[in-house]
$ cat coords-v5.tsv   # TSV, C-alpha atoms
chain	number	residue	atom	x	y	z
S	18	MET	CA	82.30	157.63	-48.97
S	19	ALA	CA	80.88	154.90	-46.73
S	20	ARG	CA	83.40	152.87	-44.77
S	21	SER	CA	83.44	149.17	-45.75
S	22	LYS	CA	82.12	146.80	-43.11
S	23	ILE	CA	84.26	144.16	-41.43
S	24	PRO	CA	83.39	140.86	-39.69
S	25	TYR	CA	82.67	141.07	-35.96
S	26	THR	CA	85.35	139.09	-34.17
S	27	LYS	CA	84.99	140.02	-30.51
S	28	ARG	CA	83.91	137.33	-28.05
S	29	ALA	CA	82.36	137.32	-24.59
S	30	LYS	CA	84.78	137.88	-21.71
S	31	THR	CA	84.96	136.33	-18.26
S	32	LEU	CA	84.84	138.63	-15.23
S	33	ASP	CA	88.62	138.36	-14.86
S	34	GLU	CA	89.08	139.29	-18.53
S	35	GLN	CA	86.68	142.22	-18.16
S	36	ILE	CA	88.68	143.56	-15.22
S	37	ALA	CA	91.91	143.15	-17.15
S	38	THR	CA	90.43	145.13	-20.06
S	39	LEU	CA	89.27	147.90	-17.74
S	40	ARG	CA	92.73	148.16	-16.25
S	41	ARG	CA	94.29	148.21	-19.70
S	42	HIS	CA	92.20	151.31	-20.44
S	43	GLY	CA	93.36	152.99	-17.23
S	44	VAL	CA	90.45	152.22	-14.89
S	45	VAL	CA	91.59	151.82	-11.29
S	46	VAL	CA	90.31	148.54	-9.81
S	47	SER	CA	91.57	148.27	-6.23
S	48	ASP	CA	89.19	145.54	-5.02
S	49	GLU	CA	88.74	142.80	-7.59
S	50	GLU	CA	86.03	140.93	-5.69
S	51	LYS	CA	83.96	144.10	-5.34
S	52	ALA	CA	84.56	144.88	-9.01
S	53	LYS	CA	83.21	141.45	-9.91
S	54	GLU	CA	80.09	142.23	-7.89
S	55	TYR	CA	79.63	145.46	-9.85
S	56	LEU	CA	80.11	143.70	-13.18
S	57	SER	CA	77.79	140.83	-12.25
S	58	ASP	CA	75.11	143.24	-11.03
S	59	ILE	CA	75.31	145.91	-13.75
S	60	GLY	CA	76.96	144.13	-16.66
S	61	TYR	CA	80.22	144.97	-18.43
S	62	TYR	CA	78.55	146.44	-21.52
S	63	ARG	CA	76.08	148.61	-19.59
S	64	LEU	CA	78.75	149.86	-17.20
S	65	GLY	CA	80.73	150.94	-20.25
S	66	PHE	CA	78.15	153.64	-20.99
S	67	TYR	CA	78.91	155.18	-17.61
S	68	LEU	CA	82.64	155.16	-18.29
S	69	HIS	CA	82.14	157.27	-21.43
S	70	PRO	CA	82.27	160.64	-19.60
S	71	PHE	CA	85.60	159.66	-18.02
S	72	GLU	CA	87.27	158.83	-21.35
S	73	ILE	CA	90.09	161.11	-22.52
S	74	THR	CA	88.43	161.66	-25.90
S	75	TYR	CA	84.92	162.29	-24.49
S	76	PRO	CA	82.46	163.46	-25.83
S	77	HIS	CA	83.65	161.93	-29.11
S	78	LEU	CA	82.17	158.46	-29.48
S	79	ASP	CA	82.95	158.05	-33.18
S	80	GLY	CA	86.17	157.21	-35.02
S	81	ARG	CA	88.06	159.72	-32.86
S	82	ARG	CA	87.24	157.75	-29.73
S	83	ARG	CA	89.83	156.07	-27.53
S	84	HIS	CA	88.65	153.92	-24.64
S	85	ASP	CA	91.42	155.11	-22.30
S	86	VAL	CA	90.08	157.03	-19.30
S	87	GLN	CA	91.36	160.06	-17.44
S	88	PRO	CA	94.13	159.22	-14.93
S	89	GLY	CA	92.76	158.23	-11.53
S	90	THR	CA	89.34	157.11	-12.81
S	91	ARG	CA	88.03	154.36	-10.54
S	92	ILE	CA	85.47	151.71	-11.37
S	93	GLU	CA	83.50	153.15	-8.43
S	94	ASP	CA	83.19	156.45	-10.33
S	95	ALA	CA	81.32	154.72	-13.15
S	96	VAL	CA	79.19	152.81	-10.64
S	97	SER	CA	78.26	156.06	-8.85
S	98	LEU	CA	77.23	157.58	-12.18
S	99	TYR	CA	75.17	154.45	-12.94
S	100	TYR	CA	73.26	154.81	-9.66
S	101	PHE	CA	72.81	158.53	-10.26
S	102	ASP	CA	71.27	157.73	-13.63
S	103	MET	CA	68.99	155.22	-11.93
S	104	ASP	CA	67.95	157.92	-9.46
S	105	LEU	CA	67.18	160.26	-12.37
S	106	ARG	CA	64.97	157.64	-14.01
S	107	ASN	CA	63.08	156.87	-10.80
S	108	ILE	CA	62.56	160.54	-9.99
S	109	LEU	CA	61.52	161.62	-13.47
S	110	ASN	CA	59.25	158.64	-14.02
S	111	ARG	CA	56.94	159.85	-11.25
S	112	TYR	CA	56.73	163.41	-12.50
S	113	LEU	CA	56.43	162.40	-16.15
S	114	SER	CA	53.41	160.32	-15.15
S	115	ARG	CA	51.88	163.46	-13.66
S	116	ILE	CA	52.46	165.35	-16.94
S	117	GLU	CA	51.08	162.47	-19.01
S	118	VAL	CA	47.89	162.24	-16.97
S	119	ALA	CA	47.39	166.01	-17.27
S	120	ILE	CA	47.84	166.01	-21.06
S	121	ARG	CA	45.54	163.02	-21.44
S	122	SER	CA	42.89	164.67	-19.26
S	123	VAL	CA	43.02	167.93	-21.23
S	124	VAL	CA	42.66	166.15	-24.59
S	125	ILE	CA	39.73	164.07	-23.35
S	126	TYR	CA	37.91	166.96	-21.69
S	127	GLU	CA	38.40	169.66	-24.32
S	128	LEU	CA	37.68	167.62	-27.43
S	129	SER	CA	34.93	165.48	-25.90
S	130	ASN	CA	33.08	168.64	-24.92
S	131	LYS	CA	33.74	170.32	-28.26
S	132	TYR	CA	32.44	167.28	-30.16
S	133	ILE	CA	29.84	166.49	-27.54
S	134	ALA	CA	27.45	164.80	-30.00
S	135	ASN	CA	30.08	162.18	-30.86
S	136	PRO	CA	31.66	160.37	-27.86
S	137	THR	CA	33.99	158.50	-30.26
S	138	TRP	CA	35.29	161.63	-32.01
S	139	PHE	CA	38.77	160.06	-32.13
S	140	VAL	CA	37.57	157.93	-35.09
S	141	ASP	CA	35.56	160.72	-36.74
S	142	SER	CA	36.96	161.62	-40.19
S	143	THR	CA	36.01	165.27	-39.66
S	144	VAL	CA	38.19	165.40	-36.54
S	145	VAL	CA	41.18	163.12	-37.20
S	146	SER	CA	42.94	161.93	-40.35
S	147	ALA	CA	41.72	158.93	-42.35
S	148	GLY	CA	45.10	157.26	-41.88
S	149	PHE	CA	44.79	157.35	-38.09
S	150	ILE	CA	41.25	155.93	-38.25
S	151	ARG	CA	42.33	153.13	-40.58
S	152	LYS	CA	45.19	152.01	-38.34
S	153	PHE	CA	43.45	152.56	-35.00
S	154	PRO	CA	41.65	149.18	-34.69
S	155	ASN	CA	44.84	147.10	-35.01
S	156	GLU	CA	47.53	149.46	-33.77
S	157	ALA	CA	45.80	150.82	-30.68
S	158	TYR	CA	42.32	149.45	-29.94
S	159	LYS	CA	43.33	145.80	-30.22
S	160	SER	CA	45.11	145.96	-26.86
S	161	ILE	CA	42.75	148.55	-25.37
S	162	ARG	CA	39.77	146.25	-26.01
S	163	ASN	CA	41.28	143.66	-23.66
S	164	LYS	CA	41.23	146.01	-20.66
S	165	LEU	CA	38.58	144.99	-18.15
S	166	PRO	CA	36.61	148.29	-18.12
S	167	ILE	CA	36.50	148.26	-21.93
S	168	ARG	CA	35.42	144.60	-22.01
S	169	ARG	CA	32.62	145.44	-19.59
S	170	HIS	CA	31.57	148.33	-21.82
S	171	HIS	CA	31.31	146.09	-24.89
S	172	THR	CA	29.23	143.47	-23.09
S	173	LYS	CA	26.57	146.14	-22.64
S	174	TYR	CA	26.80	148.47	-25.65
S	175	LEU	CA	26.72	147.87	-29.41
S	176	ASP	CA	29.10	150.63	-30.50
S	177	PRO	CA	32.41	149.44	-32.04
S	178	TYR	CA	34.41	151.68	-29.68
S	179	ALA	CA	34.04	152.83	-26.10
S	180	PRO	CA	33.76	156.63	-25.68
S	181	ALA	CA	36.86	158.81	-25.57
S	182	TRP	CA	36.90	159.17	-21.77
S	183	LYS	CA	37.12	155.37	-21.45
S	184	THR	CA	39.22	154.48	-24.50
S	185	MET	CA	41.85	157.17	-24.08
S	186	GLU	CA	42.57	156.22	-20.48
S	187	PHE	CA	44.23	153.11	-21.90
S	188	MET	CA	46.09	154.73	-24.79
S	189	THR	CA	49.86	154.80	-24.47
S	190	PHE	CA	51.52	158.19	-24.47
S	191	GLY	CA	52.76	157.31	-27.95
S	192	ASN	CA	49.15	156.74	-29.07
S	193	LEU	CA	48.24	160.11	-27.59
S	194	GLU	CA	51.10	161.84	-29.39
S	195	VAL	CA	50.05	160.30	-32.72
S	196	LEU	CA	46.42	161.29	-32.13
S	197	TYR	CA	47.43	164.90	-31.48
S	198	ASP	CA	49.54	164.91	-34.64
S	199	ASN	CA	46.57	163.58	-36.66
S	200	LEU	CA	43.98	166.11	-35.53
S	201	ILE	CA	42.76	167.77	-38.71
S	202	LEU	CA	42.01	171.25	-37.39
S	203	GLU	CA	44.85	173.44	-36.18
S	204	GLN	CA	42.41	175.09	-33.81
S	205	ASP	CA	41.93	171.73	-32.07
S	206	LYS	CA	45.68	171.32	-31.68
S	207	ARG	CA	46.04	174.85	-30.40
S	208	LEU	CA	43.13	174.29	-28.02
S	209	ILE	CA	45.22	171.59	-26.34
S	210	SER	CA	48.63	173.30	-26.47
S	211	SER	CA	47.24	176.58	-25.14
S	212	LYS	CA	46.13	174.82	-21.96
S	213	PHE	CA	49.82	174.31	-21.27
S	214	ASN	CA	50.69	177.87	-22.30
S	215	VAL	CA	52.37	176.80	-25.54
S	216	MET	CA	51.11	178.76	-28.53
S	217	ALA	CA	53.03	177.16	-31.43
S	218	ILE	CA	51.66	173.77	-32.47
S	219	GLU	CA	54.96	172.46	-33.82
S	220	THR	CA	56.69	173.43	-30.59
S	221	PHE	CA	54.11	171.58	-28.50
S	222	LYS	CA	54.47	168.53	-30.76
S	223	SER	CA	58.23	168.54	-30.15
S	224	TYR	CA	57.54	168.71	-26.40
S	225	LEU	CA	55.29	165.65	-26.62
S	226	THR	CA	57.99	163.73	-28.48
S	227	ALA	CA	60.65	164.69	-25.93
S	228	ILE	CA	58.41	163.64	-23.04
S	229	ARG	CA	57.65	160.30	-24.70
S	230	GLU	CA	61.29	159.52	-25.38
S	231	VAL	CA	62.41	160.37	-21.84
S	232	ARG	CA	59.44	158.39	-20.47
S	233	ASN	CA	60.46	155.37	-22.56
S	234	ALA	CA	64.08	155.68	-21.46
S	235	CYS	CA	62.94	155.70	-17.82
S	236	ALA	CA	60.61	152.74	-18.32
S	237	HIS	CA	63.18	150.58	-20.12
S	238	GLY	CA	66.21	151.42	-18.01
S	239	ASN	CA	68.11	153.17	-20.79
S	240	VAL	CA	70.96	155.60	-20.18
S	241	LEU	CA	69.27	158.88	-19.38
S	242	PHE	CA	71.70	161.68	-18.55
S	243	GLY	CA	73.57	161.41	-21.84
S	244	MET	CA	70.68	160.41	-24.10
S	245	THR	CA	70.15	161.87	-27.56
S	246	LEU	CA	66.59	162.60	-28.68
S	247	SER	CA	65.54	161.34	-32.10
S	248	ARG	CA	64.11	164.76	-32.98
S	249	GLY	CA	65.11	168.20	-31.89
S	250	ILE	CA	63.08	170.26	-29.43
S	251	ARG	CA	61.84	173.47	-31.01
S	252	THR	CA	62.57	176.78	-29.33
S	253	GLY	CA	59.63	178.19	-27.44
S	254	GLU	CA	58.20	178.64	-23.98
S	255	ALA	CA	60.31	175.90	-22.36
S	256	CYS	CA	63.51	177.34	-23.81
S	257	TYR	CA	63.94	180.25	-26.21
S	258	HIS	CA	67.56	179.41	-27.01
S	259	PHE	CA	69.55	176.18	-27.25
S	260	SER	CA	73.33	175.96	-27.51
S	261	GLY	CA	74.98	173.37	-29.71
S	262	ASN	CA	73.03	170.11	-29.65
S	263	GLU	CA	71.07	170.89	-26.47
S	264	HIS	CA	67.82	170.70	-28.44
S	265	GLN	CA	68.43	166.97	-28.87
S	266	SER	CA	69.86	166.25	-25.45
S	267	PHE	CA	68.64	165.22	-22.03
S	268	LYS	CA	69.46	168.75	-20.88
S	269	GLY	CA	66.95	170.14	-23.37
S	270	ALA	CA	64.39	167.49	-22.48
S	271	LEU	CA	64.70	168.34	-18.78
S	272	ARG	CA	63.78	171.94	-19.60
S	273	VAL	CA	60.62	170.67	-21.26
S	274	VAL	CA	59.80	168.47	-18.27
S	275	ASP	CA	60.35	171.42	-15.94
S	276	PHE	CA	58.17	173.74	-18.04
S	277	LEU	CA	55.25	171.35	-18.51
S	278	LEU	CA	55.30	170.23	-14.89
S	279	LYS	CA	55.13	173.86	-13.82
S	280	GLN	CA	51.96	174.26	-15.92
S	281	VAL	CA	50.46	171.28	-14.11
S	282	SER	CA	51.58	172.13	-10.57
S	283	VAL	CA	54.10	174.68	-9.31
S	284	ASN	CA	54.47	172.71	-6.07
S	285	ARG	CA	55.25	169.47	-7.93
S	286	GLU	CA	57.84	171.32	-10.02
S	287	LYS	CA	59.54	172.45	-6.81
S	288	ASP	CA	59.43	168.90	-5.47
S	289	LEU	CA	61.09	167.65	-8.66
S	290	TRP	CA	64.07	169.95	-8.17
S	291	LYS	CA	64.40	169.07	-4.50
S	292	GLU	CA	64.78	165.43	-5.50
S	293	LEU	CA	67.11	166.17	-8.41
S	294	TYR	CA	69.40	168.28	-6.23
S	295	SER	CA	69.44	165.59	-3.55
S	296	ALA	CA	70.41	162.87	-6.06
S	297	THR	CA	73.07	165.10	-7.61
S	298	LEU	CA	74.62	165.93	-4.26
S	299	ARG	CA	74.85	162.21	-3.45
S	300	LEU	CA	76.78	161.71	-6.69
S	301	TYR	CA	79.14	164.63	-6.00
S	302	ASP	CA	79.80	163.32	-2.52
S	303	LYS	CA	81.18	160.11	-4.07
S	304	THR	CA	82.64	161.46	-7.32
S	305	PRO	CA	83.29	165.23	-7.08
S	306	ALA	CA	85.21	165.34	-10.38
S	307	ILE	CA	82.07	164.48	-12.34
S	308	ARG	CA	80.39	167.82	-11.52
S	309	PRO	CA	81.38	169.72	-14.73
S	310	ILE	CA	80.14	166.87	-16.92
S	311	ILE	CA	76.83	166.53	-15.06
S	312	GLU	CA	76.22	170.27	-15.21
S	313	ALA	CA	76.95	170.32	-18.94
S	314	GLN	CA	74.94	167.19	-19.75
S	315	THR	CA	71.90	167.79	-17.55
S	316	GLY	CA	71.74	171.49	-16.72
S	317	ILE	CA	71.32	170.56	-13.04
S	318	ILE	CA	73.21	173.28	-11.16
S	319	VAL	CA	73.05	172.67	-7.43
S	320	PRO	CA	72.72	176.04	-5.63
S	321	LYS	CA	75.60	177.14	-3.42
S	322	GLU	CA	75.07	176.40	0.26
S	323	ARG	CA	75.08	180.09	1.17
S	324	GLY	CA	71.90	180.63	-0.80
S	325	LEU	CA	70.16	177.38	0.10
S	326	GLY	CA	66.85	177.14	1.88
S	327	ARG	CA	66.34	174.95	4.94
S	328	TRP	CA	65.51	171.84	2.95
S	329	ARG	CA	68.68	172.11	0.86
S	330	LYS	CA	70.86	172.63	3.93
S	331	ALA	CA	69.20	169.58	5.47
S	332	ILE	CA	70.10	167.53	2.39
S	333	ILE	CA	73.78	168.43	2.71
S	334	LYS	CA	73.73	167.84	6.48
S	335	ASN	CA	72.22	164.38	6.00
S	336	ILE	CA	74.79	163.47	3.35
S	337	VAL	CA	77.65	164.59	5.62
S	338	ASN	CA	76.24	162.56	8.55
S	339	ILE	CA	75.90	159.46	6.34
S	340	ALA	CA	79.46	159.90	5.10
S	341	LYS	CA	80.74	160.15	8.69
S	342	LYS	CA	78.89	156.97	9.68
S	343	ILE	CA	80.34	155.09	6.71
S	344	SER	CA	83.89	156.31	7.34
S	345	GLY	CA	83.56	155.71	11.07

$ encode --input "coords-v5.tsv" --output "structure tokens"
Amino acid sequence: MARSKIPYTKRAKTLDEQIATLRRHGVVVSDEEKAKEYLSDIGYYRLGFYLHPFEITYPHLDGRRRHDVQPGTRIEDAVSLYYFDMDLRNILNRYLSRIEVAIRSVVIYELSNKYIANPTWFVDSTVVSAGFIRKFPNEAYKSIRNKLPIRRHHTKYLDPYAPAWKTMEFMTFGNLEVLYDNLILEQDKRLISSKFNVMAIETFKSYLTAIREVRNACAHGNVLFGMTLSRGIRTGEACYHFSGNEHQSFKGALRVVDFLLKQVSVNREKDLWKELYSATLRLYDKTPAIRPIIEAQTGIIVPKERGLGRWRKAIIKNIVNIAKKISG
């Protein structure tokens, strides 16, 4: 039975009131002026997302939730987690762009050469669904047409659309995902997915959705490490087994990112993990108690120092030196 709704009665709080509320929930605020800087910079509501993992009732964010945090939780712990999440977004955004460009390039090359007699195969009713073609002018091409290279094309040629290799360069990743979903022939879909060593079409589609949602979260500054995907990732080449709700979590999405990036460039995949480990170590240096939550939420397990390569040892050495300078 649905719970009856009630009027919303909460009002905006001043910085002093926000600090008082944090303290009432057990958050340690030792420097009020610094805390006000944090709240002014990040925002009380946004910072609240980064206090979630420190709550006594975490991970329950439903009716079982209490806002009280674990004893000893400092406001700086939430701030450190906020900056870690920012690091994740900045790091992943670069590598997701690499994956997006690769997928776009494969679609353009493979299908443009297969349907070589029709440069605008993306609006061909024998290639894509009628629904996609009907919506394409207003939902995608309206903004694409305003791009300078496309405007130049239309000043010279009569065709209603520029060819795929021009048009699709300006499609959003969401447009690209919808196009893939609307390809009529399964062999066309498999032609694309197989280039990334994914054999099941539905699995590849779930990978595209996961990539898009993480990409959007990065672009719009949303909470990343604890995000929930709108659709589950299907088991397959990126991960043959998920536990619990991992198939709808950032942890599952990171496995997809790792797998697809490896298909694009093994070296770039290694670079990704170097950066992720570095960001994670910076967080642990400030808030060691968060390690179990980060490992569970992200799947990022920093290797033990004994088994680290030179670059990983250098990361730890740099962090220690920085810490000494700060404390000194």

$ closest_residue --input "coords-v5.tsv" --among "S:Val240, S:Ile317, S:Val144, S:Ala179" --to "Gln204 of chain S" --atoms "all atoms listed in the file"
S:Val144

$ residues_near_point --input "coords-v5.tsv" --point "(59.5, 164.0, -24.6)" --cutoff "12 Å" --atoms "all atoms listed in the file" --output "PyMOL selection string"
chain S and resi 109-110+113-114+116-117+190-191+194+220-235+244-251+264-277

$ atom_distance --input "coords-v5.tsv" --atom1 "atom CA of Leu293 of chain S" --atom2 "atom CA of Glu186 of chain S"
29.1 Å

$ atom_distance --input "coords-v5.tsv" --atom1 "atom CA of Pro70 of chain S" --atom2 "atom CA of Gln35 of chain S"
19.0 Å

$ atom_distance --input "coords-v5.tsv" --atom1 "atom CA of Ile150 of chain S" --atom2 "atom CA of Val118 of chain S"
23.2 Å

$ residues_around --input "coords-v5.tsv" --residues "His42 of chain S" --least-positions-apart "4" --cutoff "7 Å" --atoms "all atoms listed in the file" --output "list in words"
Thr38, His84, Asp85 and Val86 of chain S

$ closest_residue --input "coords-v5.tsv" --among "S:Glu292, S:Asp141, S:Glu54, S:Asp94" --to "Pro305 of chain S" --atoms "all atoms listed in the file"
S:Asp94

$ residues_near_point --input "coords-v5.tsv" --point "(73.0, 175.5, -21.0)" --cutoff "7 Å" --atoms "all atoms listed in the file" --output "list of chain:residue names"
S:Ser260, S:Ala313, S:Gly316

$ residues_around --input "coords-v5.tsv" --residues "Lys152 of chain S" --least-positions-apart "6" --cutoff "12 Å" --atoms "all atoms listed in the file" --output "VMD selection string"
chain S and resid 140 145 to 146 158 to 159 192 195 to 196 199

$ write_last_selection --input "coords-v5.tsv" --atoms "C-alpha atoms" --output "PDB file, keeping the file's coordinate frame"
ATOM      1  CA  VAL S 140      37.570 157.930 -35.090  1.00  0.00           C
ATOM      2  CA  VAL S 145      41.180 163.120 -37.200  1.00  0.00           C
ATOM      3  CA  SER S 146      42.940 161.930 -40.350  1.00  0.00           C
ATOM      4  CA  TYR S 158      42.320 149.450 -29.940  1.00  0.00           C
ATOM      5  CA  LYS S 159      43.330 145.800 -30.220  1.00  0.00           C
ATOM      6  CA  ASN S 192      49.150 156.740 -29.070  1.00  0.00           C
ATOM      7  CA  VAL S 195      50.050 160.300 -32.720  1.00  0.00           C
ATOM      8  CA  LEU S 196      46.420 161.290 -32.130  1.00  0.00           C
ATOM      9  CA  ASN S 199      46.570 163.580 -36.660  1.00  0.00           C
TER      10      ASN S 199
END

$ closest_residue --input "coords-v5.tsv" --among "S:Arg91, S:Asp176, S:Leu241, S:Thr143" --to "Leu202 of chain S" --atoms "only C-alpha atoms"
S:Thr143

$ residues_around --input "coords-v5.tsv" --residues "Ala157 of chain S" --least-positions-apart "5" --cutoff "10 Å" --atoms "only C-alpha atoms" --output "PyMOL selection string"
chain S and resi 149+152+162+184-185+187-189+191-192

$ closest_residue --input "coords-v5.tsv" --among "S:Tyr62, S:Ile209, S:Ser47, S:Tyr67" --to "Met103 of chain S" --atoms "all atoms listed in the file"
S:Tyr67

$ decode --input "coords-v5.tsv" --residues "segment 252-261 of chain S" --atoms "all heavy atoms" --output "PDB file, in the first residue's frame"
ATOM      1  N   THR S 252      25.450  -9.915 -17.898  1.00  0.00           N
ATOM      2  CA  THR S 252      26.695 -10.674 -17.755  1.00  0.00           C
ATOM      3  C   THR S 252      27.273 -10.949 -19.140  1.00  0.00           C
ATOM      4  O   THR S 252      26.551 -11.091 -20.118  1.00  0.00           O
ATOM      5  CB  THR S 252      26.446 -12.005 -17.033  1.00  0.00           C
ATOM      6  OG1 THR S 252      25.418 -12.734 -17.721  1.00  0.00           O
ATOM      7  CG2 THR S 252      26.023 -11.776 -15.595  1.00  0.00           C
ATOM      8  N   GLY S 253      28.584 -11.007 -19.188  1.00  0.00           N
ATOM      9  CA  GLY S 253      29.242 -11.214 -20.476  1.00  0.00           C
ATOM     10  C   GLY S 253      30.727 -10.998 -20.348  1.00  0.00           C
ATOM     11  O   GLY S 253      31.309 -11.178 -19.265  1.00  0.00           O
ATOM     12  N   GLU S 254      31.349 -10.561 -21.417  1.00  0.00           N
ATOM     13  CA  GLU S 254      32.801 -10.468 -21.476  1.00  0.00           C
ATOM     14  C   GLU S 254      33.408  -9.535 -20.420  1.00  0.00           C
ATOM     15  O   GLU S 254      34.498  -9.790 -19.910  1.00  0.00           O
ATOM     16  CB  GLU S 254      33.238 -10.020 -22.875  1.00  0.00           C
ATOM     17  CG  GLU S 254      33.071 -11.081 -23.956  1.00  0.00           C
ATOM     18  CD  GLU S 254      31.628 -11.224 -24.452  1.00  0.00           C
ATOM     19  OE1 GLU S 254      30.738 -10.483 -23.962  1.00  0.00           O
ATOM     20  OE2 GLU S 254      31.391 -12.066 -25.337  1.00  0.00           O
ATOM     21  N   ALA S 255      32.710  -8.458 -20.094  1.00  0.00           N
ATOM     22  CA  ALA S 255      33.236  -7.529 -19.084  1.00  0.00           C
ATOM     23  C   ALA S 255      33.161  -8.125 -17.692  1.00  0.00           C
ATOM     24  O   ALA S 255      34.014  -7.853 -16.838  1.00  0.00           O
ATOM     25  CB  ALA S 255      32.478  -6.207 -19.137  1.00  0.00           C
ATOM     26  N   CYS S 256      32.142  -8.927 -17.443  1.00  0.00           N
ATOM     27  CA  CYS S 256      31.979  -9.574 -16.141  1.00  0.00           C
ATOM     28  C   CYS S 256      30.996 -10.730 -16.282  1.00  0.00           C
ATOM     29  O   CYS S 256      29.851 -10.513 -16.690  1.00  0.00           O
ATOM     30  CB  CYS S 256      31.474  -8.580 -15.104  1.00  0.00           C
ATOM     31  SG  CYS S 256      31.406  -9.286 -13.439  1.00  0.00           S
ATOM     32  N   TYR S 257      31.435 -11.926 -15.971  1.00  0.00           N
ATOM     33  CA  TYR S 257      30.582 -13.106 -16.125  1.00  0.00           C
ATOM     34  C   TYR S 257      29.745 -13.397 -14.884  1.00  0.00           C
ATOM     35  O   TYR S 257      28.910 -14.290 -14.890  1.00  0.00           O
ATOM     36  CB  TYR S 257      31.437 -14.324 -16.473  1.00  0.00           C
ATOM     37  CG  TYR S 257      31.933 -14.281 -17.901  1.00  0.00           C
ATOM     38  CD1 TYR S 257      33.245 -13.907 -18.198  1.00  0.00           C
ATOM     39  CD2 TYR S 257      31.076 -14.587 -18.965  1.00  0.00           C
ATOM     40  CE1 TYR S 257      33.690 -13.849 -19.513  1.00  0.00           C
ATOM     41  CE2 TYR S 257      31.513 -14.530 -20.283  1.00  0.00           C
ATOM     42  CZ  TYR S 257      32.821 -14.164 -20.548  1.00  0.00           C
ATOM     43  OH  TYR S 257      33.248 -14.101 -21.846  1.00  0.00           O
ATOM     44  N   HIS S 258      29.982 -12.618 -13.818  1.00  0.00           N
ATOM     45  CA  HIS S 258      29.174 -12.817 -12.605  1.00  0.00           C
ATOM     46  C   HIS S 258      29.114 -11.521 -11.813  1.00  0.00           C
ATOM     47  O   HIS S 258      30.140 -10.860 -11.603  1.00  0.00           O
ATOM     48  CB  HIS S 258      29.775 -13.914 -11.729  1.00  0.00           C
ATOM     49  CG  HIS S 258      29.087 -14.042 -10.400  1.00  0.00           C
ATOM     50  ND1 HIS S 258      27.827 -14.592 -10.263  1.00  0.00           N
ATOM     51  CD2 HIS S 258      29.480 -13.666  -9.145  1.00  0.00           C
ATOM     52  CE1 HIS S 258      27.474 -14.562  -8.989  1.00  0.00           C
ATOM     53  NE2 HIS S 258      28.465 -14.013  -8.298  1.00  0.00           N
ATOM     54  N   PHE S 259      27.903 -11.133 -11.417  1.00  0.00           N
ATOM     55  CA  PHE S 259      27.710  -9.974 -10.556  1.00  0.00           C
ATOM     56  C   PHE S 259      27.123 -10.444  -9.231  1.00  0.00           C
ATOM     57  O   PHE S 259      26.278 -11.337  -9.203  1.00  0.00           O
ATOM     58  CB  PHE S 259      26.740  -8.963 -11.190  1.00  0.00           C
ATOM     59  CG  PHE S 259      27.289  -8.258 -12.399  1.00  0.00           C
ATOM     60  CD1 PHE S 259      26.799  -8.547 -13.667  1.00  0.00           C
ATOM     61  CD2 PHE S 259      28.267  -7.284 -12.274  1.00  0.00           C
ATOM     62  CE1 PHE S 259      27.285  -7.894 -14.784  1.00  0.00           C
ATOM     63  CE2 PHE S 259      28.766  -6.624 -13.387  1.00  0.00           C
ATOM     64  CZ  PHE S 259      28.278  -6.936 -14.639  1.00  0.00           C
ATOM     65  N   SER S 260      27.546  -9.813  -8.143  1.00  0.00           N
ATOM     66  CA  SER S 260      26.981 -10.117  -6.827  1.00  0.00           C
ATOM     67  C   SER S 260      25.997  -9.019  -6.438  1.00  0.00           C
ATOM     68  O   SER S 260      26.253  -7.834  -6.669  1.00  0.00           O
ATOM     69  CB  SER S 260      28.088 -10.192  -5.772  1.00  0.00           C
ATOM     70  OG  SER S 260      29.001 -11.222  -6.083  1.00  0.00           O
ATOM     71  N   GLY S 261      24.878  -9.435  -5.855  1.00  0.00           N
ATOM     72  CA  GLY S 261      23.914  -8.456  -5.384  1.00  0.00           C
ATOM     73  C   GLY S 261      23.458  -7.513  -6.487  1.00  0.00           C
ATOM     74  O   GLY S 261      23.040  -7.932  -7.562  1.00  0.00           O
TER      75      GLY S 261
END
